[in-house]
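Visitor: Just one file: run_25.csv, with CSV, C-alpha atoms.
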```csv
chain,number,residue,atom,x,y,z
A,6,MET,CA,119.8,6.7,87.1
A,7,ALA,CA,119.7,10.2,85.7
A,8,GLY,CA,121.2,12.8,88.0
A,9,ILE,CA,118.8,14.8,90.3
A,10,LYS,CA,119.0,18.5,90.0
A,11,VAL,CA,117.6,21.1,92.4
A,12,HIS,CA,117.2,24.6,91.1
A,13,GLY,CA,117.3,26.7,94.3
A,14,VAL,CA,119.3,28.6,96.8
A,15,LYS,CA,121.1,27.3,99.9
A,16,VAL,CA,119.5,29.7,102.3
A,17,SER,CA,116.0,29.3,100.9
A,18,THR,CA,113.7,27.6,103.4
A,19,CYS,CA,111.7,25.9,100.6
A,20,SER,CA,114.9,24.7,98.9
A,21,GLN,CA,116.1,23.3,102.3
A,22,ARG,CA,113.0,21.1,102.5
A,23,ALA,CA,114.1,19.4,99.3
A,24,PHE,CA,117.8,19.2,100.4
A,25,ALA,CA,116.8,17.6,103.7
A,26,THR,CA,114.6,15.0,102.0
A,27,LEU,CA,117.3,14.0,99.5
A,28,ASN,CA,119.8,13.7,102.3
A,29,GLU,CA,117.4,11.5,104.3
A,30,LYS,CA,117.3,9.2,101.3
A,31,GLY,CA,121.1,9.3,100.8
A,32,LEU,CA,120.7,10.6,97.3
A,33,ASP,CA,123.3,12.7,95.5
A,34,PHE,CA,122.0,15.8,93.7
A,35,GLN,CA,123.3,18.8,91.9
A,36,LEU,CA,122.4,22.2,93.2
A,37,VAL,CA,121.7,24.6,90.3
A,38,PRO,CA,122.0,28.1,91.9
A,39,VAL,CA,119.3,30.5,91.0
A,40,ASP,CA,120.3,34.2,90.9
A,41,MET,CA,117.5,35.7,93.0
A,42,GLN,CA,119.3,39.1,93.2
A,43,ASN,CA,118.9,39.5,89.5
A,44,ALA,CA,115.4,38.0,89.4
A,45,GLU,CA,116.5,35.0,87.4
A,46,HIS,CA,113.5,33.1,88.8
A,47,LYS,CA,111.1,35.7,87.2
A,48,LYS,CA,112.5,35.3,83.7
A,49,GLN,CA,112.9,32.7,81.0
A,50,PRO,CA,114.2,30.0,80.8
A,51,TYR,CA,113.4,29.6,84.6
A,52,LEU,CA,109.8,30.3,84.0
A,53,SER,CA,109.6,27.3,81.8
A,54,LEU,CA,110.4,25.2,84.9
A,55,ASN,CA,108.1,27.0,87.2
A,56,PRO,CA,105.6,29.5,85.7
A,57,PHE,CA,105.0,31.0,89.2
A,58,GLY,CA,108.6,32.1,89.3
A,59,GLN,CA,109.4,30.5,92.7
A,60,ILE,CA,112.1,28.1,94.0
A,61,PRO,CA,112.9,25.3,94.2
A,62,VAL,CA,112.4,23.1,91.1
A,63,LEU,CA,113.4,19.5,91.1
A,64,GLU,CA,114.5,17.7,87.9
A,65,ASP,CA,114.7,13.9,88.0
A,66,GLY,CA,115.3,12.6,84.5
A,67,ASP,CA,112.5,13.8,82.4
A,68,LEU,CA,110.4,14.8,85.4
A,69,LYS,CA,110.3,18.5,86.4
A,70,ILE,CA,108.3,19.5,89.4
A,71,PHE,CA,107.9,22.6,91.7
A,72,GLU,CA,106.4,23.3,95.1
A,73,SER,CA,108.6,22.1,97.9
A,74,ARG,CA,106.1,19.9,99.7
A,75,ALA,CA,105.2,18.2,96.4
A,76,ILE,CA,109.0,17.6,95.9
A,77,THR,CA,109.5,16.1,99.3
A,78,GLN,CA,106.5,13.8,98.8
A,79,TYR,CA,107.8,12.7,95.4
A,80,ILE,CA,111.2,11.9,96.8
A,81,ALA,CA,109.7,10.0,99.7
A,82,TYR,CA,107.6,7.7,97.5
A,83,ALA,CA,109.8,7.4,94.4
A,84,TYR,CA,112.8,6.4,96.5
A,85,ALA,CA,110.9,4.5,99.2
A,86,ASP,CA,113.6,1.8,99.1
A,87,LYS,CA,116.4,4.2,99.8
A,88,GLY,CA,117.7,5.6,103.0
A,89,ASN,CA,115.2,6.5,105.8
A,90,PRO,CA,111.5,6.0,105.3
A,91,LEU,CA,109.6,9.3,105.4
A,92,VAL,CA,106.1,7.9,104.7
A,93,VAL,CA,104.4,4.8,106.2
A,94,GLN,CA,102.9,1.8,104.4
A,95,ASP,CA,99.8,1.4,106.6
A,96,GLN,CA,97.1,3.5,105.0
A,97,LYS,CA,95.4,4.5,108.2
A,98,LYS,CA,98.7,5.5,109.8
A,99,MET,CA,99.6,7.3,106.6
A,100,ALA,CA,96.3,9.2,106.8
A,101,ILE,CA,97.4,10.6,110.2
A,102,VAL,CA,100.8,11.6,108.8
A,103,SER,CA,99.0,13.4,105.9
A,104,VAL,CA,96.8,15.3,108.4
A,105,TRP,CA,99.9,16.7,110.1
A,106,MET,CA,101.6,17.4,106.8
A,107,GLN,CA,98.5,19.6,106.1
A,108,VAL,CA,98.7,21.2,109.5
A,109,GLU,CA,102.2,22.2,108.9
A,110,ALA,CA,101.3,23.8,105.6
A,111,GLN,CA,98.0,25.4,106.6
A,112,HIS,CA,98.4,26.3,110.2
A,113,PHE,CA,102.1,26.3,111.3
A,114,ASP,CA,103.9,27.8,108.3
A,115,PRO,CA,101.9,31.0,107.6
A,116,PRO,CA,102.5,32.6,111.0
A,117,ALA,CA,106.0,31.1,111.3
A,118,SER,CA,107.1,32.4,107.9
A,119,ARG,CA,105.6,35.8,108.6
A,120,ILE,CA,107.6,36.1,111.9
A,121,GLY,CA,110.7,35.0,110.1
A,122,TRP,CA,110.2,37.6,107.4
A,123,GLU,CA,109.7,40.3,110.0
A,124,LEU,CA,112.5,39.4,112.4
A,125,VAL,CA,115.2,38.0,110.0
A,126,TYR,CA,114.7,38.9,106.4
A,127,LYS,CA,113.4,42.4,106.7
A,128,PRO,CA,116.5,43.6,108.7
A,129,MET,CA,118.7,41.8,106.2
A,130,PHE,CA,117.2,43.9,103.4
A,131,GLY,CA,117.4,47.1,105.4
A,132,GLN,CA,113.6,47.2,106.1
A,133,GLN,CA,111.9,48.0,109.4
A,134,THR,CA,110.3,45.2,111.4
A,135,ASP,CA,106.6,45.5,111.9
A,136,ASN,CA,106.4,44.7,115.6
A,137,ALA,CA,102.6,44.5,115.5
A,138,ALA,CA,102.7,41.8,112.8
A,139,VAL,CA,105.2,39.9,114.9
A,140,GLU,CA,103.0,40.0,118.0
A,141,GLU,CA,99.9,39.0,116.0
A,142,ASN,CA,101.6,36.1,114.4
A,143,GLU,CA,103.3,35.0,117.6
A,144,ALA,CA,99.8,34.7,119.1
A,145,LYS,CA,98.7,32.6,116.1
A,146,LEU,CA,101.7,30.4,116.3
A,147,ALA,CA,101.3,29.9,120.1
A,148,LYS,CA,97.9,28.5,119.6
A,149,VAL,CA,99.3,26.0,117.0
A,150,LEU,CA,102.1,25.0,119.3
A,151,ASP,CA,99.7,24.4,122.1
A,152,ILE,CA,98.1,21.8,119.9
A,153,TYR,CA,101.5,20.4,119.0
A,154,GLU,CA,102.4,20.1,122.7
A,155,ALA,CA,99.2,18.1,123.3
A,156,ARG,CA,99.9,15.9,120.3
A,157,LEU,CA,103.5,15.3,121.3
A,158,THR,CA,102.5,14.0,124.7
A,159,GLU,CA,100.8,11.1,122.7
A,160,SER,CA,103.6,10.3,120.3
A,161,LYS,CA,107.3,11.1,119.7
A,162,TYR,CA,106.6,12.7,116.4
A,163,LEU,CA,103.7,14.5,114.9
A,164,GLY,CA,102.6,11.7,112.6
A,165,GLY,CA,103.2,8.9,115.1
A,166,ASP,CA,106.2,7.0,116.5
A,167,CYS,CA,108.6,7.5,113.6
A,168,PHE,CA,110.0,10.6,111.8
A,169,THR,CA,108.2,11.4,108.6
A,170,LEU,CA,107.6,14.3,106.2
A,171,ALA,CA,105.1,15.7,108.8
A,172,ASP,CA,108.2,16.5,110.9
A,173,LEU,CA,110.8,17.2,108.2
A,174,ASN,CA,108.7,19.9,106.5
A,175,HIS,CA,108.9,22.1,109.7
A,176,LEU,CA,112.7,22.1,109.8
A,177,PRO,CA,113.6,25.3,107.8
A,178,ALA,CA,111.1,27.5,109.7
A,179,ILE,CA,112.1,26.1,113.1
A,180,LYS,CA,115.8,26.9,112.3
A,181,ILE,CA,114.9,30.5,111.4
A,182,LEU,CA,112.7,31.1,114.5
A,183,MET,CA,115.1,29.5,117.0
A,184,GLY,CA,117.6,32.2,116.2
A,185,THR,CA,115.1,34.9,117.2
A,186,PRO,CA,113.2,36.0,120.4
A,187,SER,CA,110.3,33.9,119.1
A,188,SER,CA,112.2,30.8,120.1
A,189,LYS,CA,110.5,31.3,123.5
A,190,LEU,CA,107.3,29.9,121.9
A,191,PHE,CA,109.1,26.5,121.3
A,192,GLU,CA,111.3,26.5,124.4
A,193,SER,CA,108.4,27.1,126.8
A,194,ARG,CA,106.7,23.9,125.7
A,195,SER,CA,108.6,20.9,126.9
A,196,HIS,CA,107.4,18.3,124.4
A,197,VAL,CA,107.7,20.8,121.5
A,198,LYS,CA,111.2,21.7,122.6
A,199,ALA,CA,112.3,18.0,122.8
A,200,TRP,CA,110.8,17.4,119.4
A,201,CYS,CA,112.6,20.4,117.9
A,202,ASP,CA,115.9,19.3,119.4
A,203,ASP,CA,115.4,15.8,118.1
A,204,ILE,CA,114.6,16.6,114.5
A,205,GLN,CA,117.2,19.4,114.2
A,206,ALA,CA,119.9,17.0,115.3
A,207,ARG,CA,119.3,14.6,112.4
A,208,PRO,CA,122.4,14.2,110.2
A,209,SER,CA,120.3,15.0,107.1
A,210,TRP,CA,119.5,18.4,108.5
A,211,GLN,CA,123.0,19.1,109.8
A,212,LYS,CA,124.2,18.4,106.3
A,213,VAL,CA,121.8,21.1,105.0
A,214,ILE,CA,123.0,23.6,107.6
A,215,SER,CA,126.6,23.0,106.6
A,216,MET,CA,126.0,23.6,102.9
```
Will you turn the file into C-alpha coordinates for me?

Guide:
Amino acid sequence: MAGIKVHGVKVSTCSQRAFATLNEKGLDFQLVPVDMQNAEHKKQPYLSLNPFGQIPVLEDGDLKIFESRAITQYIAYAYADKGNPLVVQDQKKMAIVSVWMQVEAQHFDPPASRIGWELVYKPMFGQQTDNAAVEENEAKLAKVLDIYEARLTESKYLGGDCFTLADLNHLPAIKILMGTPSSKLFESRSHVKAWCDDIQARPSWQKVISM
(Lines of atoms letter the chains of each structure in order from A and count residues from 1; the text may use other names and numbers.)
(Lines give C-alpha, C1' and ligand atoms only; values in the text may rest on other atoms or scores of the structure.)
Protein backbone atom coordinates (compact mmCIF):
# COMPACT_ATOMS: atom_id res chain seq x y z
CA MET A 1 0.00 0.00 0.00
CA ALA A 2 1.34 3.42 -0.91
CA GLY A 3 2.04 5.64 2.06
CA ILE A 4 -0.60 8.13 3.16
CA LYS A 5 0.49 11.74 3.43
CA VAL A 6 -1.32 14.62 5.09
CA HIS A 7 -0.23 18.12 4.17
CA GLY A 8 -1.22 20.19 7.16
CA VAL A 9 -0.34 21.60 10.56
CA LYS A 10 -0.58 19.87 13.95
CA VAL A 11 -2.61 22.68 15.52
CA SER A 12 -4.99 23.11 12.58
CA THR A 13 -8.51 22.04 13.51
CA CYS A 14 -9.21 20.85 9.97
CA SER A 15 -5.97 18.86 9.88
CA GLN A 16 -6.88 17.34 13.24
CA ARG A 17 -10.07 15.86 11.77
CA ALA A 18 -7.95 13.94 9.28
CA PHE A 19 -5.45 12.86 11.94
CA ALA A 20 -8.20 11.57 14.25
CA THR A 21 -9.84 9.58 11.45
CA LEU A 22 -6.57 7.98 10.42
CA ASN A 23 -5.90 7.09 14.06
CA GLU A 24 -9.36 5.53 14.41
CA LYS A 25 -8.45 3.30 11.47
CA GLY A 26 -5.03 2.47 12.85
CA LEU A 27 -3.37 3.81 9.71
CA ASP A 28 0.16 5.12 9.60
CA PHE A 29 0.62 8.42 7.80
CA GLN A 30 3.28 10.99 7.09
CA LEU A 31 2.59 14.56 8.15
CA VAL A 32 3.98 16.98 5.58
CA PRO A 33 4.15 20.30 7.47
CA VAL A 34 2.88 23.36 5.60
CA ASP A 35 4.64 26.64 6.42
CA MET A 36 1.59 28.78 7.07
CA GLN A 37 3.64 31.65 8.48
CA ASN A 38 5.29 32.14 5.11
CA ALA A 39 2.02 31.49 3.24
CA GLU A 40 3.28 28.31 1.60
CA HIS A 41 -0.36 27.24 1.22
CA LYS A 42 -1.03 30.25 -1.01
CA LYS A 43 1.77 29.48 -3.47
CA GLN A 44 2.82 26.80 -5.90
CA PRO A 45 3.41 23.92 -5.68
CA TYR A 46 0.84 23.71 -2.84
CA LEU A 47 -1.86 25.32 -4.97
CA SER A 48 -1.57 22.39 -7.35
CA LEU A 49 -2.82 20.22 -4.48
CA ASN A 50 -5.57 22.58 -3.33
CA PRO A 51 -6.36 25.55 -5.58
CA PHE A 52 -8.23 27.21 -2.68
CA GLY A 53 -4.99 27.41 -0.70
CA GLN A 54 -6.28 25.73 2.46
CA ILE A 55 -5.18 22.80 4.60
CA PRO A 56 -5.25 19.85 4.84
CA VAL A 57 -4.62 17.84 1.69
CA LEU A 58 -4.52 14.05 1.79
CA GLU A 59 -2.48 11.97 -0.62
CA ASP A 60 -3.18 8.25 -0.83
CA GLY A 61 -1.28 6.78 -3.75
CA ASP A 62 -2.38 8.65 -6.86
CA LEU A 63 -5.39 10.18 -5.07
CA LYS A 64 -5.10 13.78 -3.87
CA ILE A 65 -8.09 15.32 -2.09
CA PHE A 66 -8.82 18.37 0.04
CA GLU A 67 -11.64 19.54 2.36
CA SER A 68 -11.31 17.90 5.77
CA ARG A 69 -14.78 16.36 5.89
CA ALA A 70 -14.34 14.84 2.43
CA ILE A 71 -11.04 13.41 3.67
CA THR A 72 -12.60 11.86 6.77
CA GLN A 73 -15.39 10.33 4.69
CA TYR A 74 -12.93 8.90 2.16
CA ILE A 75 -10.86 7.29 4.92
CA ALA A 76 -13.96 5.85 6.59
CA TYR A 77 -15.14 4.15 3.39
CA ALA A 78 -11.83 3.29 1.74
CA TYR A 79 -10.58 1.62 4.90
CA ALA A 80 -13.88 0.27 6.16
CA ASP A 81 -12.21 -3.04 7.03
CA LYS A 82 -9.59 -1.37 9.22
CA GLY A 83 -9.79 -0.20 12.81
CA ASN A 84 -13.03 1.21 14.18
CA PRO A 85 -16.09 1.64 11.94
CA LEU A 86 -16.97 5.31 11.42
CA VAL A 87 -19.92 4.78 9.07
CA VAL A 88 -22.72 2.20 9.18
CA GLN A 89 -23.81 -0.31 6.57
CA ASP A 90 -27.56 0.01 7.01
CA GLN A 91 -28.64 2.71 4.54
CA LYS A 92 -31.41 4.15 6.68
CA LYS A 93 -29.16 4.35 9.74
CA MET A 94 -26.42 5.87 7.61
CA ALA A 95 -28.90 8.48 6.40
CA ILE A 96 -29.32 9.58 10.02
CA VAL A 97 -25.55 9.73 10.48
CA SER A 98 -25.32 11.84 7.33
CA VAL A 99 -27.92 14.26 8.67
CA TRP A 100 -25.84 14.91 11.77
CA MET A 101 -22.67 15.21 9.73
CA GLN A 102 -24.40 18.02 7.87
CA VAL A 103 -25.62 19.55 11.12
CA GLU A 104 -22.03 19.73 12.36
CA ALA A 105 -20.83 21.42 9.18
CA GLN A 106 -23.77 23.78 8.66
CA HIS A 107 -25.02 24.63 12.15
CA PHE A 108 -22.40 23.77 14.78
CA ASP A 109 -19.12 24.68 13.16
CA PRO A 110 -19.83 28.25 11.97
CA PRO A 111 -20.56 29.72 15.42
CA ALA A 112 -18.08 27.41 17.18
CA SER A 113 -15.26 28.39 14.83
CA ARG A 114 -16.06 32.10 15.14
CA ILE A 115 -15.96 31.89 18.94
CA GLY A 116 -12.66 30.03 18.76
CA TRP A 117 -11.25 32.66 16.43
CA GLU A 118 -12.27 35.49 18.73
CA LEU A 119 -11.26 33.94 22.05
CA VAL A 120 -8.20 31.89 21.12
CA TYR A 121 -6.65 32.80 17.81
CA LYS A 122 -7.06 36.58 17.81
CA PRO A 123 -5.21 36.96 21.14
CA MET A 124 -2.45 34.67 19.81
CA PHE A 125 -1.99 37.05 16.88
CA GLY A 126 -2.08 40.14 19.08
CA GLN A 127 -5.55 41.14 17.90
CA GLN A 128 -8.43 42.33 20.06
CA THR A 129 -11.38 40.04 20.73
CA ASP A 130 -14.73 41.25 19.42
CA ASN A 131 -16.87 40.58 22.48
CA ALA A 132 -20.08 41.38 20.62
CA ALA A 133 -19.25 38.69 18.06
CA VAL A 134 -18.56 36.22 20.87
CA GLU A 135 -21.90 36.96 22.50
CA GLU A 136 -23.78 36.71 19.20
CA ASN A 137 -22.21 33.38 18.29
CA GLU A 138 -22.58 31.95 21.78
CA ALA A 139 -26.31 32.58 21.43
CA LYS A 140 -26.32 30.77 18.08
CA LEU A 141 -24.31 27.86 19.44
CA ALA A 142 -26.53 27.59 22.51
CA LYS A 143 -29.55 26.98 20.27
CA VAL A 144 -27.66 24.25 18.43
CA LEU A 145 -26.57 22.62 21.68
CA ASP A 146 -30.17 22.66 22.95
CA ILE A 147 -31.01 20.49 19.95
CA TYR A 148 -27.99 18.28 20.68
CA GLU A 149 -29.10 17.88 24.29
CA ALA A 150 -32.51 16.66 23.14
CA ARG A 151 -30.96 14.34 20.56
CA LEU A 152 -28.51 12.85 23.07
CA THR A 153 -31.33 11.91 25.41
CA GLU A 154 -32.41 9.49 22.65
CA SER A 155 -29.05 7.99 21.69
CA LYS A 156 -25.51 7.84 23.08
CA TYR A 157 -24.05 9.49 19.98
CA LEU A 158 -25.46 11.96 17.49
CA GLY A 159 -25.84 9.45 14.68
CA GLY A 160 -27.14 6.63 16.83
CA ASP A 161 -25.75 4.14 19.31
CA CYS A 162 -22.21 4.02 17.93
CA PHE A 163 -19.43 6.57 17.43
CA THR A 164 -19.27 7.81 13.82
CA LEU A 165 -17.95 10.67 11.73
CA ALA A 166 -20.96 12.67 12.93
CA ASP A 167 -19.25 12.80 16.33
CA LEU A 168 -15.60 12.79 15.28
CA ASN A 169 -15.90 15.88 13.10
CA HIS A 170 -16.79 17.94 16.20
CA LEU A 171 -13.65 17.11 18.15
CA PRO A 172 -11.28 19.92 17.11
CA ALA A 173 -13.77 22.72 17.77
CA ILE A 174 -14.86 21.18 21.07
CA LYS A 175 -11.25 21.02 22.26
CA ILE A 176 -10.73 24.70 21.44
CA LEU A 177 -13.92 25.87 23.15
CA MET A 178 -13.50 23.74 26.25
CA GLY A 179 -10.43 25.83 27.07
CA THR A 180 -12.42 29.08 26.99
CA PRO A 181 -15.28 30.62 29.02
CA SER A 182 -17.61 29.29 26.30
CA SER A 183 -17.13 25.82 27.81
CA LYS A 184 -20.16 26.75 29.94
CA LEU A 185 -22.34 26.09 26.90
CA PHE A 186 -21.31 22.43 26.95
CA GLU A 187 -20.98 21.91 30.68
CA SER A 188 -24.44 23.27 31.45
CA ARG A 189 -26.10 20.55 29.35
CA SER A 190 -25.66 17.18 31.03
CA HIS A 191 -26.06 14.95 27.98
CA VAL A 192 -23.89 17.19 25.83
CA LYS A 193 -21.19 17.23 28.52
CA ALA A 194 -21.25 13.42 28.84
CA TRP A 195 -20.98 13.11 25.05
CA CYS A 196 -18.06 15.57 24.95
CA ASP A 197 -16.24 13.72 27.72
CA ASP A 198 -16.79 10.40 25.96
CA ILE A 199 -15.55 11.37 22.52
CA GLN A 200 -12.62 13.43 23.80
CA ALA A 201 -11.37 10.42 25.79
CA ARG A 202 -11.01 8.24 22.70
CA PRO A 203 -7.42 7.03 22.19
CA SER A 204 -7.47 8.29 18.60
CA TRP A 205 -8.11 11.84 19.79
CA GLN A 206 -5.67 11.65 22.68
CA LYS A 207 -3.04 10.68 20.10
CA VAL A 208 -3.86 13.82 18.10
CA ILE A 209 -3.53 16.02 21.18
CA SER A 210 -0.13 14.53 21.95
CA MET A 211 1.28 15.18 18.47

Visitor: When you count only C-alpha atoms, which of these residues is closest to Ile9 in chain A: A:Leu52, A:Ile76, A:Met183, A:Ala110?

Guide: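 Checking each of A:Leu52, A:Ile76, A:Met183, A:Ala110 against Ile9 in chain A, counting only C-alpha atoms, the winner is A:Ile76.
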
Visitor: Give me, as a VMD selection string, all polymer residues having an atom no more than 12 Å from Ser103 in chain A, counting only C-alpha atoms and skipping those fewer than 5 positions away in the same chain.

Guide: chain A and resid 74 78 91 to 93 96 to 98 108 to 110 163 to 165 169 to 172 174

Visitor: Using all atoms listed in the file, find the one residue out of A:Val149, A:Leu68, A:Gln59, A:Leu182 that sits nearest to Ile120 in chain A.

Guide: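 Answer, going by the shortest atom-to-atom distance: A:Leu182.
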
Visitor: Here is a test: counting all atoms listed in the file, which residue of A:Leu173, A:Ala206, A:Ala44, A:Ala155 is nearest to Ala81 in chain A?

Guide: A:Leu173

Visitor: I need the residue nearest Glu64 in chain A from this list: A:Cys19, A:Pro90, A:Pro115, A:Lys10. Use only C-alpha atoms for the distance.

Guide: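 Ranking A:Cys19, A:Pro90, A:Pro115, A:Lys10 by distance to Glu64 in chain A, first place goes to A:Lys10.
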
Visitor: For each of A:Pro61, A:Gly121, A:Pro208, A:Gly13, take the minimum atom-to-atom distance to Asn136 in chain A, counting all atoms listed in the file, then give the residue where this is smallest.

Guide: A:Gly121

Visitor: Can you work out the spacing between CA of Pro56 in chain A and CA of Val39 in chain A in Å, to one decimal?

Guide: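 Going from CA of Pro56 in chain A over to CA of Val39 in chain A covers 14.7 Å.
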
Visitor: Which is closest to Tyr84 in chain A among A:Gln211, A:Asn142, A:Ser187, A:Thr26, if we use all atoms listed in the file?

Guide: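 Answer, going by the shortest atom-to-atom distance: A:Thr26.
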
Visitor: Contacts of range 190-193 of chain A at 12 Å or less, counting all atoms listed in the file, minus same-chain residues fewer than 2 places along, as a PyMOL selection string?

Guide: chain A and resi 117+120+140+142-151+153-154+178-180+182-188+195-202

Visitor: How far is it from CA of Cys167 in chain A to CA of Met106 in chain A, in Å with one decimal?

Guide: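 Computing it gives 13.9 Å between the two atoms.
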
Visitor: Suppose you want the space between CA of Leu32 in chain A and CA of Asp166 in chain A; what is it in Å?

Guide: 24.3 Å

Visitor: Show me, as JSON, the centre and edge lengths in Å to one decimal of the axis-aligned box that covers every listed atom of range 101-111 of chain A with 5 Å on each side.

Guide:
```
{"center_x": 99.5, "center_y": 18.0, "center_z": 107.9, "size_x": 15.4, "size_y": 24.8, "size_z": 14.6}
```

Visitor: For Ala25 in chain A, work out the shell of residues within 7 Å, counting all atoms listed in the file and skipping chain neighbours fewer than 2 positions away, then give it as a PyMOL selection string.

Guide: chain A and resi 21-23+27-29+209-210+213

Visitor: Please list as number ranges by chain every residue within 12 Å of Gln42 in chain A, counting only C-alpha atoms and excluding residues in the same chain fewer than 4 positions away.

Guide: A: 14, 38, 46-47, 130

Visitor: Can you patch up range 169-180 of chain A, filling it in to all heavy atoms, and show the result as a PDB file, keeping the file's coordinate frame?

Guide:
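This went into result31.pdb:
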```pdb
ATOM      1  N   THR A 169     108.739  11.457 109.979  1.00  0.00           N
ATOM      2  CA  THR A 169     108.200  11.400 108.600  1.00  0.00           C
ATOM      3  C   THR A 169     108.236  12.848 108.038  1.00  0.00           C
ATOM      4  O   THR A 169     108.723  13.787 108.666  1.00  0.00           O
ATOM      5  CB  THR A 169     106.693  10.982 108.639  1.00  0.00           C
ATOM      6  OG1 THR A 169     105.919  11.969 109.354  1.00  0.00           O
ATOM      7  CG2 THR A 169     106.520   9.607 109.275  1.00  0.00           C
ATOM      8  N   LEU A 170     107.687  12.974 106.848  1.00  0.00           N
ATOM      9  CA  LEU A 170     107.600  14.300 106.200  1.00  0.00           C
ATOM     10  C   LEU A 170     106.825  15.285 107.064  1.00  0.00           C
ATOM     11  O   LEU A 170     107.053  16.495 106.970  1.00  0.00           O
ATOM     12  CB  LEU A 170     106.925  14.176 104.840  1.00  0.00           C
ATOM     13  CG  LEU A 170     107.701  13.466 103.739  1.00  0.00           C
ATOM     14  CD1 LEU A 170     106.872  13.443 102.460  1.00  0.00           C
ATOM     15  CD2 LEU A 170     109.052  14.128 103.479  1.00  0.00           C
ATOM     16  N   ALA A 171     105.911  14.797 107.887  1.00  0.00           N
ATOM     17  CA  ALA A 171     105.100  15.700 108.800  1.00  0.00           C
ATOM     18  C   ALA A 171     106.055  16.482 109.683  1.00  0.00           C
ATOM     19  O   ALA A 171     105.755  17.623 110.051  1.00  0.00           O
ATOM     20  CB  ALA A 171     104.111  14.907 109.560  1.00  0.00           C
ATOM     21  N   ASP A 172     107.184  15.874 110.054  1.00  0.00           N
ATOM     22  CA  ASP A 172     108.200  16.500 110.900  1.00  0.00           C
ATOM     23  C   ASP A 172     109.176  17.306 110.042  1.00  0.00           C
ATOM     24  O   ASP A 172     109.457  18.488 110.284  1.00  0.00           O
ATOM     25  CB  ASP A 172     108.901  15.520 111.772  1.00  0.00           C
ATOM     26  CG  ASP A 172     107.949  14.616 112.521  1.00  0.00           C
ATOM     27  OD1 ASP A 172     107.274  15.103 113.444  1.00  0.00           O
ATOM     28  OD2 ASP A 172     107.857  13.419 112.166  1.00  0.00           O
ATOM     29  N   LEU A 173     109.704  16.651 109.039  1.00  0.00           N
ATOM     30  CA  LEU A 173     110.800  17.200 108.200  1.00  0.00           C
ATOM     31  C   LEU A 173     110.365  18.574 107.623  1.00  0.00           C
ATOM     32  O   LEU A 173     111.190  19.510 107.592  1.00  0.00           O
ATOM     33  CB  LEU A 173     111.143  16.248 107.091  1.00  0.00           C
ATOM     34  CG  LEU A 173     112.261  16.665 106.144  1.00  0.00           C
ATOM     35  CD1 LEU A 173     113.032  15.439 105.643  1.00  0.00           C
ATOM     36  CD2 LEU A 173     111.753  17.457 104.936  1.00  0.00           C
ATOM     37  N   ASN A 174     109.132  18.702 107.168  1.00  0.00           N
ATOM     38  CA  ASN A 174     108.700  19.900 106.500  1.00  0.00           C
ATOM     39  C   ASN A 174     108.786  21.166 107.406  1.00  0.00           C
ATOM     40  O   ASN A 174     108.806  22.299 106.931  1.00  0.00           O
ATOM     41  CB  ASN A 174     107.320  19.784 105.911  1.00  0.00           C
ATOM     42  CG  ASN A 174     107.308  18.919 104.666  1.00  0.00           C
ATOM     43  OD1 ASN A 174     108.339  18.672 104.042  1.00  0.00           O
ATOM     44  ND2 ASN A 174     106.127  18.454 104.279  1.00  0.00           N
ATOM     45  N   HIS A 175     108.843  20.946 108.720  1.00  0.00           N
ATOM     46  CA  HIS A 175     108.900  22.100 109.700  1.00  0.00           C
ATOM     47  C   HIS A 175     110.348  22.612 109.814  1.00  0.00           C
ATOM     48  O   HIS A 175     110.527  23.739 110.303  1.00  0.00           O
ATOM     49  CB  HIS A 175     108.509  21.598 111.078  1.00  0.00           C
ATOM     50  CG  HIS A 175     107.053  21.339 111.254  1.00  0.00           C
ATOM     51  ND1 HIS A 175     106.444  20.194 110.821  1.00  0.00           N
ATOM     52  CD2 HIS A 175     106.079  22.087 111.840  1.00  0.00           C
ATOM     53  CE1 HIS A 175     105.156  20.238 111.143  1.00  0.00           C
ATOM     54  NE2 HIS A 175     104.911  21.369 111.752  1.00  0.00           N
ATOM     55  N   LEU A 176     111.351  21.832 109.459  1.00  0.00           N
ATOM     56  CA  LEU A 176     112.700  22.100 109.800  1.00  0.00           C
ATOM     57  C   LEU A 176     113.218  23.533 109.445  1.00  0.00           C
ATOM     58  O   LEU A 176     113.802  24.246 110.271  1.00  0.00           O
ATOM     59  CB  LEU A 176     113.670  21.063 109.321  1.00  0.00           C
ATOM     60  CG  LEU A 176     113.721  19.793 110.177  1.00  0.00           C
ATOM     61  CD1 LEU A 176     114.389  18.654 109.417  1.00  0.00           C
ATOM     62  CD2 LEU A 176     114.454  20.062 111.485  1.00  0.00           C
ATOM     63  N   PRO A 177     113.017  23.972 108.200  1.00  0.00           N
ATOM     64  CA  PRO A 177     113.600  25.300 107.800  1.00  0.00           C
ATOM     65  C   PRO A 177     112.994  26.440 108.669  1.00  0.00           C
ATOM     66  O   PRO A 177     113.747  27.315 109.117  1.00  0.00           O
ATOM     67  CB  PRO A 177     113.178  25.416 106.351  1.00  0.00           C
ATOM     68  CG  PRO A 177     113.078  24.003 105.867  1.00  0.00           C
ATOM     69  CD  PRO A 177     112.471  23.264 107.017  1.00  0.00           C
ATOM     70  N   ALA A 178     111.690  26.437 108.887  1.00  0.00           N
ATOM     71  CA  ALA A 178     111.100  27.500 109.700  1.00  0.00           C
ATOM     72  C   ALA A 178     111.520  27.467 111.119  1.00  0.00           C
ATOM     73  O   ALA A 178     111.760  28.512 111.749  1.00  0.00           O
ATOM     74  CB  ALA A 178     109.563  27.460 109.563  1.00  0.00           C
ATOM     75  N   ILE A 179     111.637  26.266 111.666  1.00  0.00           N
ATOM     76  CA  ILE A 179     112.100  26.100 113.100  1.00  0.00           C
ATOM     77  C   ILE A 179     113.501  26.702 113.200  1.00  0.00           C
ATOM     78  O   ILE A 179     113.788  27.442 114.156  1.00  0.00           O
ATOM     79  CB  ILE A 179     112.049  24.660 113.506  1.00  0.00           C
ATOM     80  CG1 ILE A 179     110.594  24.206 113.699  1.00  0.00           C
ATOM     81  CG2 ILE A 179     112.839  24.465 114.804  1.00  0.00           C
ATOM     82  CD1 ILE A 179     110.443  22.735 114.006  1.00  0.00           C
ATOM     83  N   LYS A 180     114.381  26.381 112.266  1.00  0.00           N
ATOM     84  CA  LYS A 180     115.800  26.900 112.300  1.00  0.00           C
ATOM     85  C   LYS A 180     115.756  28.425 112.354  1.00  0.00           C
ATOM     86  O   LYS A 180     116.488  29.040 113.134  1.00  0.00           O
ATOM     87  CB  LYS A 180     116.587  26.389 111.170  1.00  0.00           C
ATOM     88  CG  LYS A 180     118.015  26.930 111.191  1.00  0.00           C
ATOM     89  CD  LYS A 180     118.799  26.485 109.992  1.00  0.00           C
ATOM     90  CE  LYS A 180     120.235  27.020 110.040  1.00  0.00           C
ATOM     91  NZ  LYS A 180     120.293  28.498 110.005  1.00  0.00           N
TER      92      LYS A 180
END
```
